[in-house]
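Asks: The following file, run.pdb, comprises PDB, C-alpha atoms and all ligand atoms:
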MODEL        1
ATOM      1  CA  MET A 291       3.447 -20.213  -6.848  1.00  0.00           C
ATOM      2  CA  LYS A 292       5.136 -17.735  -9.214  1.00  0.00           C
ATOM      3  CA  GLU A 293       6.500 -14.696  -7.401  1.00  0.00           C
ATOM      4  CA  LYS A 294       8.805 -12.995  -9.861  1.00  0.00           C
ATOM      5  CA  VAL A 295       6.907  -9.722 -10.178  1.00  0.00           C
ATOM      6  CA  TRP A 296       6.003  -9.617  -6.497  1.00  0.00           C
ATOM      7  CA  ARG A 297       9.653 -10.091  -5.456  1.00  0.00           C
ATOM      8  CA  ARG A 298      10.716  -7.391  -7.865  1.00  0.00           C
ATOM      9  CA  LEU A 299       8.173  -4.928  -6.470  1.00  0.00           C
ATOM     10  CA  LYS A 300       9.243  -5.668  -2.899  1.00  0.00           C
ATOM     11  CA  GLU A 301      12.891  -5.285  -3.855  1.00  0.00           C
ATOM     12  CA  SER A 302      12.163  -1.943  -5.541  1.00  0.00           C
ATOM     13  CA  ARG A 303      10.196  -0.796  -2.492  1.00  0.00           C
ATOM     14  CA  ARG A 304      13.264  -1.368  -0.320  1.00  0.00           C
ATOM     15  CA  ARG A 305      14.940   1.353  -2.377  1.00  0.00           C
ATOM     16  CA  GLY A 306      11.998   3.793  -2.175  1.00  0.00           C
ATOM     17  CA  ARG A 307       8.297   4.395  -2.724  1.00  0.00           C
ATOM     18  CA  LEU A 308       6.785   3.239  -6.015  1.00  0.00           C
ATOM     19  CA  HIS A 309       4.508   4.673  -8.685  1.00  0.00           C
ATOM     20  CA  PHE A 310       2.276   2.699 -11.042  1.00  0.00           C
ATOM     21  CA  THR A 311       0.583   4.075 -14.154  1.00  0.00           C
ATOM     22  CA  LEU A 312      -2.875   2.747 -14.965  1.00  0.00           C
ATOM     23  CA  ILE A 313      -3.923   2.351 -18.586  1.00  0.00           C
ATOM     24  CA  ASP A 314      -7.597   1.751 -19.320  1.00  0.00           C
ATOM     25  CA  PRO A 315      -7.950  -0.311 -22.534  1.00  0.00           C
ATOM     26  CA  ASN A 316     -11.364   1.254 -23.107  1.00  0.00           C
ATOM     27  CA  LYS A 317      -9.858   4.732 -23.271  1.00  0.00           C
ATOM     28  CA  ALA A 318      -6.579   4.127 -25.096  1.00  0.00           C
ATOM     29  CA  SER A 319      -5.786   2.457 -28.425  1.00  0.00           C
ATOM     30  CA  ALA A 320      -2.669   0.271 -28.661  1.00  0.00           C
ATOM     31  CA  GLY A 321      -0.788   3.236 -30.193  1.00  0.00           C
ATOM     32  CA  ASP A 322      -1.880   5.591 -27.397  1.00  0.00           C
ATOM     33  CA  ALA A 323      -1.058   2.985 -24.749  1.00  0.00           C
ATOM     34  CA  SER A 324       2.452   2.583 -26.083  1.00  0.00           C
ATOM     35  CA  ARG A 325       3.048   6.348 -26.052  1.00  0.00           C
ATOM     36  CA  ILE A 326       1.536   6.704 -22.564  1.00  0.00           C
ATOM     37  CA  ALA A 327       3.658   3.856 -21.203  1.00  0.00           C
ATOM     38  CA  ARG A 328       6.823   5.386 -22.661  1.00  0.00           C
ATOM     39  CA  ALA A 329       6.038   8.754 -21.053  1.00  0.00           C
ATOM     40  CA  ALA A 330       5.209   7.044 -17.736  1.00  0.00           C
ATOM     41  CA  ILE A 331       8.401   5.003 -17.623  1.00  0.00           C
ATOM     42  CA  ASP A 332      10.485   8.067 -18.522  1.00  0.00           C
ATOM     43  CA  ALA A 333       8.770   9.934 -15.664  1.00  0.00           C
ATOM     44  CA  GLY A 334       9.665   7.207 -13.156  1.00  0.00           C
ATOM     45  CA  SER A 335       6.742   4.725 -13.100  1.00  0.00           C
ATOM     46  CA  ASP A 336       7.742   1.322 -11.733  1.00  0.00           C
ATOM     47  CA  ALA A 337       4.930  -0.744 -13.286  1.00  0.00           C
ATOM     48  CA  ILE A 338       2.055  -0.426 -15.738  1.00  0.00           C
ATOM     49  CA  LEU A 339      -1.397  -1.544 -14.619  1.00  0.00           C
ATOM     50  CA  VAL A 340      -3.900  -2.448 -17.323  1.00  0.00           C
ATOM     51  CA  GLY A 341      -7.607  -2.596 -16.665  1.00  0.00           C
ATOM     52  CA  GLY A 342     -10.922  -0.828 -16.509  1.00  0.00           C
ATOM     53  CA  SER A 343     -14.517  -1.192 -15.483  1.00  0.00           C
ATOM     54  CA  LEU A 344     -16.161  -1.362 -18.919  1.00  0.00           C
ATOM     55  CA  GLY A 345     -15.418  -2.215 -22.527  1.00  0.00           C
ATOM     56  CA  VAL A 346     -12.401  -4.479 -21.947  1.00  0.00           C
ATOM     57  CA  TYR A 347     -12.165  -7.504 -24.233  1.00  0.00           C
ATOM     58  CA  GLU A 348      -9.755  -9.790 -25.994  1.00  0.00           C
ATOM     59  CA  PRO A 349      -8.077  -9.563 -28.489  1.00  0.00           C
ATOM     60  CA  GLU A 350      -7.841  -5.792 -27.949  1.00  0.00           C
ATOM     61  CA  LEU A 351      -6.555  -6.296 -24.386  1.00  0.00           C
ATOM     62  CA  GLY A 352      -3.794  -8.580 -25.672  1.00  0.00           C
ATOM     63  CA  ARG A 353      -2.819  -5.997 -28.322  1.00  0.00           C
ATOM     64  CA  ILE A 354      -2.637  -3.292 -25.670  1.00  0.00           C
ATOM     65  CA  VAL A 355      -0.478  -5.417 -23.366  1.00  0.00           C
ATOM     66  CA  ASP A 356       1.843  -6.180 -26.298  1.00  0.00           C
ATOM     67  CA  SER A 357       2.095  -2.478 -27.072  1.00  0.00           C
ATOM     68  CA  LEU A 358       3.232  -1.743 -23.516  1.00  0.00           C
ATOM     69  CA  ARG A 359       6.545  -3.567 -23.921  1.00  0.00           C
ATOM     70  CA  VAL A 360       8.433  -0.336 -24.263  1.00  0.00           C
ATOM     71  CA  GLY A 361      10.646  -0.507 -21.165  1.00  0.00           C
ATOM     72  CA  ASP A 362      11.851  -2.763 -18.394  1.00  0.00           C
ATOM     73  CA  VAL A 363       8.836  -2.535 -16.081  1.00  0.00           C
ATOM     74  CA  PRO A 364       6.241  -5.232 -15.379  1.00  0.00           C
ATOM     75  CA  VAL A 365       2.816  -5.097 -17.006  1.00  0.00           C
ATOM     76  CA  ILE A 366       0.218  -6.103 -14.416  1.00  0.00           C
ATOM     77  CA  LEU A 367      -3.477  -6.766 -15.018  1.00  0.00           C
ATOM     78  CA  PHE A 368      -5.944  -4.807 -12.894  1.00  0.00           C
ATOM     79  CA  PRO A 369      -9.160  -6.559 -13.919  1.00  0.00           C
ATOM     80  CA  GLY A 370     -12.622  -5.131 -13.367  1.00  0.00           C
ATOM     81  CA  ASN A 371     -14.158  -8.465 -14.241  1.00  0.00           C
ATOM     82  CA  ILE A 372     -13.424 -11.829 -15.830  1.00  0.00           C
ATOM     83  CA  ASN A 373     -12.960 -10.184 -19.249  1.00  0.00           C
ATOM     84  CA  GLY A 374      -9.823  -8.377 -18.018  1.00  0.00           C
ATOM     85  CA  LEU A 375      -7.547 -11.427 -18.372  1.00  0.00           C
ATOM     86  CA  THR A 376      -4.809 -12.177 -20.882  1.00  0.00           C
ATOM     87  CA  PRO A 377      -1.816 -14.515 -20.614  1.00  0.00           C
ATOM     88  CA  LYS A 378       0.338 -11.811 -22.210  1.00  0.00           C
ATOM     89  CA  ALA A 379       0.752  -9.865 -18.959  1.00  0.00           C
ATOM     90  CA  ASP A 380       3.465 -10.485 -16.343  1.00  0.00           C
ATOM     91  CA  ALA A 381       1.122 -10.753 -13.357  1.00  0.00           C
ATOM     92  CA  LEU A 382      -2.402 -10.082 -12.166  1.00  0.00           C
ATOM     93  CA  LEU A 383      -3.831  -8.275  -9.163  1.00  0.00           C
ATOM     94  CA  PHE A 384      -6.156 -11.009  -7.899  1.00  0.00           C
ATOM     95  CA  MET A 385      -8.682  -8.650  -6.396  1.00  0.00           C
ATOM     96  CA  TYR A 386     -11.415  -9.021  -3.842  1.00  0.00           C
ATOM     97  CA  LEU A 387     -13.594  -5.993  -3.332  1.00  0.00           C
ATOM     98  CA  MET A 388     -13.759  -5.713   0.446  1.00  0.00           C
ATOM     99  CA  ASN A 389     -16.761  -3.386   0.622  1.00  0.00           C
ATOM    100  CA  THR A 390     -18.971  -4.676  -2.158  1.00  0.00           C
ATOM    101  CA  GLU A 391     -22.576  -5.479  -1.419  1.00  0.00           C
ATOM    102  CA  ASP A 392     -22.571  -8.175  -4.085  1.00  0.00           C
ATOM    103  CA  VAL A 393     -21.081 -11.624  -3.491  1.00  0.00           C
ATOM    104  CA  TYR A 394     -20.096 -11.706  -7.168  1.00  0.00           C
ATOM    105  CA  TYR A 395     -17.314  -9.136  -6.603  1.00  0.00           C
ATOM    106  CA  ALA A 396     -16.357 -10.585  -3.205  1.00  0.00           C
ATOM    107  CA  THR A 397     -15.723 -14.231  -4.124  1.00  0.00           C
ATOM    108  CA  TRP A 398     -17.809 -15.397  -7.076  1.00  0.00           C
ATOM    109  CA  VAL A 399     -15.958 -13.871 -10.004  1.00  0.00           C
ATOM    110  CA  GLN A 400     -12.698 -15.061  -8.404  1.00  0.00           C
ATOM    111  CA  PHE A 401     -14.093 -18.610  -8.337  1.00  0.00           C
ATOM    112  CA  GLN A 402     -14.916 -18.394 -12.040  1.00  0.00           C
ATOM    113  CA  ALA A 403     -11.626 -16.779 -12.977  1.00  0.00           C
ATOM    114  CA  ALA A 404      -9.248 -18.940 -10.911  1.00  0.00           C
ATOM    115  CA  PRO A 405      -9.086 -21.993 -13.227  1.00  0.00           C
ATOM    116  CA  ILE A 406      -8.645 -19.713 -16.250  1.00  0.00           C
ATOM    117  CA  ILE A 407      -5.829 -17.804 -14.537  1.00  0.00           C
ATOM    118  CA  LEU A 408      -4.136 -21.091 -13.689  1.00  0.00           C
ATOM    119  CA  GLU A 409      -4.335 -22.187 -17.335  1.00  0.00           C
ATOM    120  CA  MET A 410      -2.921 -18.838 -18.434  1.00  0.00           C
ATOM    121  CA  GLY A 411       0.043 -19.325 -16.099  1.00  0.00           C
ATOM    122  CA  LEU A 412      -0.270 -15.800 -14.714  1.00  0.00           C
ATOM    123  CA  GLU A 413       1.434 -14.795 -11.489  1.00  0.00           C
ATOM    124  CA  VAL A 414      -1.257 -13.744  -9.002  1.00  0.00           C
ATOM    125  CA  ILE A 415      -0.853 -11.028  -6.395  1.00  0.00           C
ATOM    126  CA  PRO A 416      -3.690 -11.262  -3.831  1.00  0.00           C
ATOM    127  CA  THR A 417      -5.157  -7.772  -3.514  1.00  0.00           C
ATOM    128  CA  ALA A 418      -7.748  -6.411  -1.088  1.00  0.00           C
ATOM    129  CA  TYR A 419      -9.549  -3.552  -2.839  1.00  0.00           C
ATOM    130  CA  VAL A 420     -11.285  -0.927  -0.714  1.00  0.00           C
ATOM    131  CA  ILE A 421     -13.449   1.779  -2.295  1.00  0.00           C
ATOM    132  CA  VAL A 422     -13.385   5.106  -0.460  1.00  0.00           C
ATOM    133  CA  GLY A 423     -15.503   8.228  -1.055  1.00  0.00           C
ATOM    134  CA  HIS A 424     -16.553   8.949  -4.632  1.00  0.00           C
ATOM    135  CA  GLY A 425     -15.563   5.516  -5.882  1.00  0.00           C
ATOM    136  CA  GLY A 426     -15.874   6.358  -9.579  1.00  0.00           C
ATOM    137  CA  ALA A 427     -16.842   3.675 -12.082  1.00  0.00           C
ATOM    138  CA  ALA A 428     -15.104   0.985  -9.982  1.00  0.00           C
ATOM    139  CA  GLY A 429     -17.400   1.703  -7.043  1.00  0.00           C
ATOM    140  CA  TYR A 430     -20.520   1.835  -9.196  1.00  0.00           C
ATOM    141  CA  VAL A 431     -19.799  -1.274 -11.232  1.00  0.00           C
ATOM    142  CA  GLY A 432     -18.490  -3.173  -8.201  1.00  0.00           C
ATOM    143  CA  MET A 433     -21.669  -2.430  -6.241  1.00  0.00           C
ATOM    144  CA  ALA A 434     -19.548  -1.051  -3.442  1.00  0.00           C
ATOM    145  CA  ARG A 435     -20.722   0.716  -0.343  1.00  0.00           C
ATOM    146  CA  PRO A 436     -17.943   3.318  -0.408  1.00  0.00           C
ATOM    147  CA  VAL A 437     -16.333   4.269   2.899  1.00  0.00           C
ATOM    148  CA  PRO A 438     -17.349   7.868   3.721  1.00  0.00           C
ATOM    149  CA  TYR A 439     -14.504  10.398   3.375  1.00  0.00           C
ATOM    150  CA  ASP A 440     -14.816  11.339   7.060  1.00  0.00           C
ATOM    151  CA  LYS A 441     -14.687   7.767   8.428  1.00  0.00           C
ATOM    152  CA  PRO A 442     -11.015   6.818   7.963  1.00  0.00           C
ATOM    153  CA  GLU A 443     -11.200   4.205  10.710  1.00  0.00           C
ATOM    154  CA  LEU A 444     -13.642   2.212   8.563  1.00  0.00           C
ATOM    155  CA  ALA A 445     -11.236   2.206   5.618  1.00  0.00           C
ATOM    156  CA  ALA A 446      -8.455   1.084   7.961  1.00  0.00           C
ATOM    157  CA  ALA A 447     -10.570  -1.775   9.334  1.00  0.00           C
ATOM    158  CA  HIS A 448     -11.196  -2.972   5.758  1.00  0.00           C
ATOM    159  CA  ALA A 449      -7.463  -2.721   5.064  1.00  0.00           C
ATOM    160  CA  LEU A 450      -6.667  -4.750   8.166  1.00  0.00           C
ATOM    161  CA  ALA A 451      -9.266  -7.389   7.329  1.00  0.00           C
ATOM    162  CA  GLY A 452      -7.836  -7.664   3.823  1.00  0.00           C
ATOM    163  CA  ALA A 453      -4.340  -8.194   5.201  1.00  0.00           C
ATOM    164  CA  MET A 454      -5.653 -10.789   7.658  1.00  0.00           C
ATOM    165  CA  MET A 455      -7.286 -12.578   4.709  1.00  0.00           C
ATOM    166  CA  GLY A 456      -3.865 -12.890   3.084  1.00  0.00           C
ATOM    167  CA  ALA A 457      -3.661  -9.889   0.763  1.00  0.00           C
ATOM    168  CA  ARG A 458      -0.190  -8.880  -0.313  1.00  0.00           C
ATOM    169  CA  ILE A 459      -1.532  -5.607  -1.632  1.00  0.00           C
ATOM    170  CA  VAL A 460      -4.142  -3.448   0.076  1.00  0.00           C
ATOM    171  CA  TYR A 461      -5.453  -0.917  -2.444  1.00  0.00           C
ATOM    172  CA  LEU A 462      -7.344   2.124  -1.171  1.00  0.00           C
ATOM    173  CA  GLU A 463      -9.273   3.450  -4.171  1.00  0.00           C
ATOM    174  CA  ALA A 464     -11.061   6.802  -4.513  1.00  0.00           C
ATOM    175  CA  GLY A 465     -12.068   5.925  -8.091  1.00  0.00           C
ATOM    176  CA  SER A 466     -10.495   6.941 -11.361  1.00  0.00           C
ATOM    177  CA  GLY A 467     -11.074  10.657 -11.924  1.00  0.00           C
ATOM    178  CA  ALA A 468     -12.521  11.124  -8.414  1.00  0.00           C
ATOM    179  CA  PRO A 469     -12.880  14.769  -7.348  1.00  0.00           C
ATOM    180  CA  ARG A 470     -10.773  14.083  -4.212  1.00  0.00           C
ATOM    181  CA  PRO A 471      -8.155  11.441  -3.444  1.00  0.00           C
ATOM    182  CA  VAL A 472      -8.398   8.978  -0.568  1.00  0.00           C
ATOM    183  CA  PRO A 473      -8.117  11.068   2.619  1.00  0.00           C
ATOM    184  CA  VAL A 474      -4.669  11.034   4.212  1.00  0.00           C
ATOM    185  CA  GLU A 475      -6.235   9.981   7.524  1.00  0.00           C
ATOM    186  CA  ALA A 476      -7.549   6.779   5.910  1.00  0.00           C
ATOM    187  CA  VAL A 477      -4.013   5.991   4.736  1.00  0.00           C
ATOM    188  CA  ARG A 478      -2.493   6.895   8.128  1.00  0.00           C
ATOM    189  CA  TYR A 479      -4.946   4.726  10.115  1.00  0.00           C
ATOM    190  CA  SER A 480      -4.480   1.842   7.679  1.00  0.00           C
ATOM    191  CA  ARG A 481      -0.692   2.074   7.969  1.00  0.00           C
ATOM    192  CA  ILE A 482      -0.852   2.015  11.763  1.00  0.00           C
ATOM    193  CA  LEU A 483      -3.068  -1.078  11.882  1.00  0.00           C
ATOM    194  CA  LEU A 484      -1.125  -2.914   9.159  1.00  0.00           C
ATOM    195  CA  ASP A 485       2.160  -2.212  10.944  1.00  0.00           C
ATOM    196  CA  ARG A 486       0.720  -3.420  14.254  1.00  0.00           C
ATOM    197  CA  LEU A 487      -0.200  -6.652  12.499  1.00  0.00           C
ATOM    198  CA  GLY A 488       3.386  -6.981  11.244  1.00  0.00           C
ATOM    199  CA  TRP A 489       2.116  -7.084   7.645  1.00  0.00           C
ATOM    200  CA  ASP A 490       4.818  -6.903   4.992  1.00  0.00           C
ATOM    201  CA  GLY A 491       2.686  -6.181   1.929  1.00  0.00           C
ATOM    202  CA  LEU A 492       2.306  -2.985  -0.092  1.00  0.00           C
ATOM    203  CA  LEU A 493      -0.251  -0.295   0.727  1.00  0.00           C
ATOM    204  CA  VAL A 494      -1.415   1.166  -2.578  1.00  0.00           C
ATOM    205  CA  VAL A 495      -3.468   4.335  -2.989  1.00  0.00           C
ATOM    206  CA  GLY A 496      -5.079   5.733  -6.123  1.00  0.00           C
ATOM    207  CA  GLY A 497      -7.819   7.830  -7.632  1.00  0.00           C
ATOM    208  CA  GLY A 498      -8.072  11.591  -8.094  1.00  0.00           C
ATOM    209  CA  VAL A 499      -4.421  12.490  -7.413  1.00  0.00           C
ATOM    210  CA  ARG A 500      -3.559  15.471  -9.631  1.00  0.00           C
ATOM    211  CA  ASP A 501      -0.775  17.410  -7.928  1.00  0.00           C
ATOM    212  CA  PRO A 502       2.558  16.840  -6.173  1.00  0.00           C
ATOM    213  CA  VAL A 503       1.334  18.153  -2.808  1.00  0.00           C
ATOM    214  CA  ALA A 504      -1.487  15.591  -2.628  1.00  0.00           C
ATOM    215  CA  ALA A 505       0.975  12.884  -3.692  1.00  0.00           C
ATOM    216  CA  SER A 506       3.478  13.876  -1.046  1.00  0.00           C
ATOM    217  CA  ARG A 507       0.811  13.923   1.717  1.00  0.00           C
ATOM    218  CA  LEU A 508      -0.241  10.377   0.831  1.00  0.00           C
ATOM    219  CA  ALA A 509       3.406   9.315   0.983  1.00  0.00           C
ATOM    220  CA  SER A 510       3.888  10.896   4.412  1.00  0.00           C
ATOM    221  CA  ALA A 511       0.742   9.148   5.637  1.00  0.00           C
ATOM    222  CA  GLY A 512       2.328   5.785   4.831  1.00  0.00           C
ATOM    223  CA  ALA A 513       1.367   4.742   1.297  1.00  0.00           C
ATOM    224  CA  ASP A 514       3.939   2.501  -0.412  1.00  0.00           C
ATOM    225  CA  VAL A 515       2.609   2.907  -3.942  1.00  0.00           C
ATOM    226  CA  LEU A 516       0.706   5.650  -5.769  1.00  0.00           C
ATOM    227  CA  VAL A 517      -1.390   4.821  -8.831  1.00  0.00           C
ATOM    228  CA  THR A 518      -2.368   7.473 -11.347  1.00  0.00           C
ATOM    229  CA  GLY A 519      -4.281   6.966 -14.561  1.00  0.00           C
ATOM    230  CA  THR A 520      -6.253   9.948 -15.829  1.00  0.00           C
ATOM    231  CA  LEU A 521      -3.291  12.273 -15.463  1.00  0.00           C
ATOM    232  CA  VAL A 522      -1.008  10.636 -17.999  1.00  0.00           C
ATOM    233  CA  GLU A 523      -3.844  10.667 -20.536  1.00  0.00           C
ATOM    234  CA  GLU A 524      -4.822  14.307 -19.931  1.00  0.00           C
ATOM    235  CA  ASP A 525      -1.659  16.055 -18.819  1.00  0.00           C
ATOM    236  CA  PRO A 526       1.447  13.867 -19.207  1.00  0.00           C
ATOM    237  CA  GLY A 527       3.708  16.852 -18.495  1.00  0.00           C
ATOM    238  CA  SER A 528       2.563  16.905 -14.866  1.00  0.00           C
ATOM    239  CA  LEU A 529       3.494  13.283 -14.192  1.00  0.00           C
ATOM    240  CA  PRO A 530       7.224  13.677 -13.360  1.00  0.00           C
ATOM    241  CA  GLY A 531       6.416  16.269 -10.657  1.00  0.00           C
ATOM    242  CA  ILE A 532       3.759  14.073  -9.093  1.00  0.00           C
ATOM    243  CA  ILE A 533       6.049  11.048  -9.066  1.00  0.00           C
ATOM    244  CA  ARG A 534       8.850  13.108  -7.514  1.00  0.00           C
ATOM    245  CA  GLY A 535       6.364  14.447  -4.949  1.00  0.00           C
ATOM    246  CA  PHE A 536       5.326  10.935  -3.968  1.00  0.00           C
ATOM    247  CA  LYS A 537       8.794   9.404  -3.980  1.00  0.00           C
ATOM    248  CA  GLY A 538      10.261  12.389  -2.151  1.00  0.00           C
ATOM    249  CA  ILE A 539      13.116  12.771  -4.643  1.00  0.00           C
TER     250      ILE A 539
HETATM  251  C1  LIG G 601      -7.893   4.112 -10.629  1.00  0.00           C
HETATM  252  O1  LIG G 601      -6.633   4.669  -8.800  1.00  0.00           O
HETATM  253  C2  LIG G 601      -6.600   4.632 -10.176  1.00  0.00           C
HETATM  254  O2  LIG G 601      -7.992   2.789 -10.280  1.00  0.00           O
HETATM  255  C3  LIG G 601      -6.183   5.890 -10.867  1.00  0.00           C
HETATM  256  O3  LIG G 601      -7.079   6.958 -10.702  1.00  0.00           O
HETATM  257  O4  LIG G 601      -7.351   7.939 -12.974  1.00  0.00           O
HETATM  258  O5  LIG G 601      -7.874   9.311 -10.943  1.00  0.00           O
HETATM  259  O6  LIG G 601      -5.523   8.750 -11.530  1.00  0.00           O
HETATM  260  P1  LIG G 601      -6.940   8.307 -11.581  1.00  0.00           P
ENDMDL
END
Please go through the file and, once you have read it, give me the structure as structure tokens.
Replies:
Amino acid sequence: MKEKVWRRLKESRRRGRLHFTLIDPNKASAGDASRIARAAIDAGSDAILVGGSLGVYEPELGRIVDSLRVGDVPVILFPGNINGLTPKADALLFMYLMNTEDVYYATWVQFQAAPIILEMGLEVIPTAYVIVGHGGAAGYVGMARPVPYDKPELAAAHALAGAMMGARIVYLEAGSGAPRPVPVEAVRYSRILLDRLGWDGLLVVGGGVRDPVAASRLASAGADVLVTGTLVEEDPGSLPGIIRGFKGI
């Protein structure tokens, strides 16, 4: 199995915490995406994620991925559905939505996508996706039963189950544009259980992070990677501070 991007991420993590910028093809044209990616890489992003819950389609997705080749960082697909695939990317988060109520998002879309992904030759990074709190469009479209904000132990149990199912990434998601990020306690509990398991994957957190203090709290709680999306579209000037807050530099 291809592992180039995964090895690179793990290698980078040995040097410090990581930040990924999410670009939603439904919200950004190829020109916008290119500008956003440039600003993100300059601010210290280590990878660009591309995906969204609605309105993603080829050939526009392929054009957007092409337009993101503006620096030496991997472009990784973050698909909301089977339409979020293109062979032009470097890798794909092969996601299973741990707390969906619909078998389609748990295993069925993966079954339909797997042969296509194989044909495309994409590197796959198994990813357990856990929706917490607000959940945003991802929670709504994915028919999730979001983990309540005040039940961090439930988020951690999903994280642990995902790791036991073979995930290399566990992604705790509050939803793009969520009013509050994933609670730090959910990250802390998840980290404790994942460490007890001896898991050597990456714990990713995203959704609703808008300031350096929130970013730094998530880092202290044990997140390896912070994802932001909305921010770089709405207020790119704030990105360097948030990335510094998360990386502790
Ligand atoms: C969404 O976690 C990401 O999948 C990013 O969320 O747009 O709120 O930064 P924001």
Asks: Considering all atoms listed in the file, state which residue in the set A:Gly531, A:Pro436, A:Gly341, A:Gly467 is at the smallest distance from ligand LIG 601 (chain G).
Replies: A:Gly467
Asks: What is the CA of Leu344 (chain A) to CA of Asp332 (chain A) distance in Å?
Replies: 28.3 Å
Asks: I need the residue set behind the PyMOL selection byres (((not hetatm)) within 7 of (chain G and resi 601)) for this file; please write it as a VMD selection string.
Replies: chain A and resid 312 463 to 468 495 to 499 517 to 521
Asks: As a check of understanding, name the residues that the PyMOL selection byres (((chain A and resi 444-446) around 8) and not hetatm) selects in the supplied structure, as a PyMOL selection string.
Replies: chain A and resi 420+422+437+441-443+447-450+462+476-477+479-481+483
Asks: Can you spell out as a PyMOL selection string the set of residues that the PyMOL selection byres (((chain A and resi 373-378) around 8) and not hetatm) selects in the structure I just provided?
Replies: chain A and resi 341-342+346-348+351-352+355-356+367-372+379-380+407+410-412
Asks: Rounded to one decimal, what separation in Å do you get between CA of Val365 (chain A) and CA of Gly334 (chain A)?
Replies: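 These two atoms are separated by 14.6 Å.
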Asks: Closest to Ile326 (chain A) among A:Arg359, A:Arg486, A:Arg458, A:Lys300, using only C-alpha atoms?
Replies: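 Residue with the minimum atom-to-atom distance to Ile326 (chain A): A:Arg359.
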Asks: With a distance cut-off of 7 Å and only C-alpha atoms, select the neighbouring residues of Ile366 (chain A), excluding the residue or stretch itself and same-chain residues fewer than 5 positions from it, and output the selection as a count of residues only.
Replies: 8
Asks: Here is a test: counting all atoms listed in the file, which residue of A:Gly538, A:Ala457, A:Ser335, A:Gly345 is nearest to Met385 (chain A)?
Replies: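 Among A:Gly538, A:Ala457, A:Ser335, A:Gly345, it is A:Ala457 that comes nearest to Met385 (chain A).
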Asks: One decimal, Å: what's the distance from CA of Ser324 (chain A) over to CA of Val360 (chain A), could you say?
Replies: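 Computed distance, CA of Ser324 (chain A) to CA of Val360 (chain A), equals 6.9 Å.
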Asks: Find the residue from A:Pro416, A:Pro471, A:Gly426, A:Gly432 that sits nearest to Asp392 (chain A); use all atoms listed in the file when measuring.
Replies: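 Of the candidates, the smallest distance to Asp392 (chain A) is held by A:Gly432.
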Asks: Please provide the set of residues having any atom within 7 Å of Val494 (chain A), restricted to all atoms listed in the file, with same-chain residues fewer than 5 positions apart removed, written as a list of chain:residue names.
Replies: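 Listed by chain and then number, they are A:Ile459, A:Val460, A:Tyr461, A:Leu462, A:Ala513, A:Asp514, A:Val515, A:Leu516.
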Asks: What's the 9 Å shell around Ala504 (chain A), counting all atoms listed in the file, without same-chain residues fewer than 5 positions away, as a PyMOL selection string?
Replies: chain A and resi 471+474+499+509+532+535-536
Asks: How about saving the chosen residues, C-alpha atoms kept, as an mmCIF file, in the frame of the given file?
Replies:
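Contents of part19.cif, as written:
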data_model
loop_
_atom_site.group_PDB
_atom_site.id
_atom_site.type_symbol
_atom_site.label_atom_id
_atom_site.label_comp_id
_atom_site.auth_asym_id
_atom_site.auth_seq_id
_atom_site.Cartn_x
_atom_site.Cartn_y
_atom_site.Cartn_z
ATOM 1 C CA PRO A 471 -8.155 11.441 -3.444
ATOM 2 C CA VAL A 474 -4.669 11.034 4.212
ATOM 3 C CA VAL A 499 -4.421 12.490 -7.413
ATOM 4 C CA ALA A 509 3.406 9.315 0.983
ATOM 5 C CA ILE A 532 3.759 14.073 -9.093
ATOM 6 C CA GLY A 535 6.364 14.447 -4.949
ATOM 7 C CA PHE A 536 5.326 10.935 -3.968
#
Asks: Check the smallest atom-to-atom distance from each of A:Glu391, A:Gly527, A:Glu475, A:Ile482 to Arg500 (chain A) using only C-alpha atoms, then report the winner.
Replies: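 Using only C-alpha atoms, the shortest distance to Arg500 (chain A) belongs to A:Gly527.
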Asks: Using only C-alpha atoms, can you tell me which of A:Met455, A:Ile406, A:Glu524, A:Val399 comes closest to Asp322 (chain A)?
Replies: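 Result for the nearest residue to Asp322 (chain A): A:Glu524.
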Asks: How would region 318-325 of chain A look with N, CA and C atoms restored, written as an mmCIF file, keeping the file's coordinate frame?
Replies:
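Saved file part-v5.cif follows:
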data_model
loop_
_atom_site.group_PDB
_atom_site.id
_atom_site.type_symbol
_atom_site.label_atom_id
_atom_site.label_comp_id
_atom_site.auth_asym_id
_atom_site.auth_seq_id
_atom_site.Cartn_x
_atom_site.Cartn_y
_atom_site.Cartn_z
ATOM 1 N N ALA A 318 -7.802 3.939 -24.310
ATOM 2 C CA ALA A 318 -6.579 4.127 -25.096
ATOM 3 C C ALA A 318 -6.461 3.042 -26.168
ATOM 4 N N SER A 319 -6.088 3.441 -27.379
ATOM 5 C CA SER A 319 -5.786 2.457 -28.425
ATOM 6 C C SER A 319 -4.394 1.885 -28.124
ATOM 7 N N ALA A 320 -3.998 0.849 -28.884
ATOM 8 C CA ALA A 320 -2.669 0.271 -28.661
ATOM 9 C C ALA A 320 -1.575 1.324 -28.896
ATOM 10 N N GLY A 321 -1.783 2.182 -29.909
ATOM 11 C CA GLY A 321 -0.788 3.236 -30.193
ATOM 12 C C GLY A 321 -0.689 4.224 -29.038
ATOM 13 N N ASP A 322 -1.866 4.654 -28.540
ATOM 14 C CA ASP A 322 -1.880 5.591 -27.397
ATOM 15 C C ASP A 322 -1.197 4.948 -26.198
ATOM 16 N N ALA A 323 -1.554 3.670 -25.944
ATOM 17 C CA ALA A 323 -1.058 2.985 -24.749
ATOM 18 C C ALA A 323 0.465 2.931 -24.769
ATOM 19 N N SER A 324 1.007 2.672 -25.939
ATOM 20 C CA SER A 324 2.452 2.583 -26.083
ATOM 21 C C SER A 324 3.106 3.937 -25.761
ATOM 22 N N ARG A 325 2.515 4.987 -26.286
ATOM 23 C CA ARG A 325 3.048 6.348 -26.052
ATOM 24 C C ARG A 325 2.923 6.718 -24.571
#
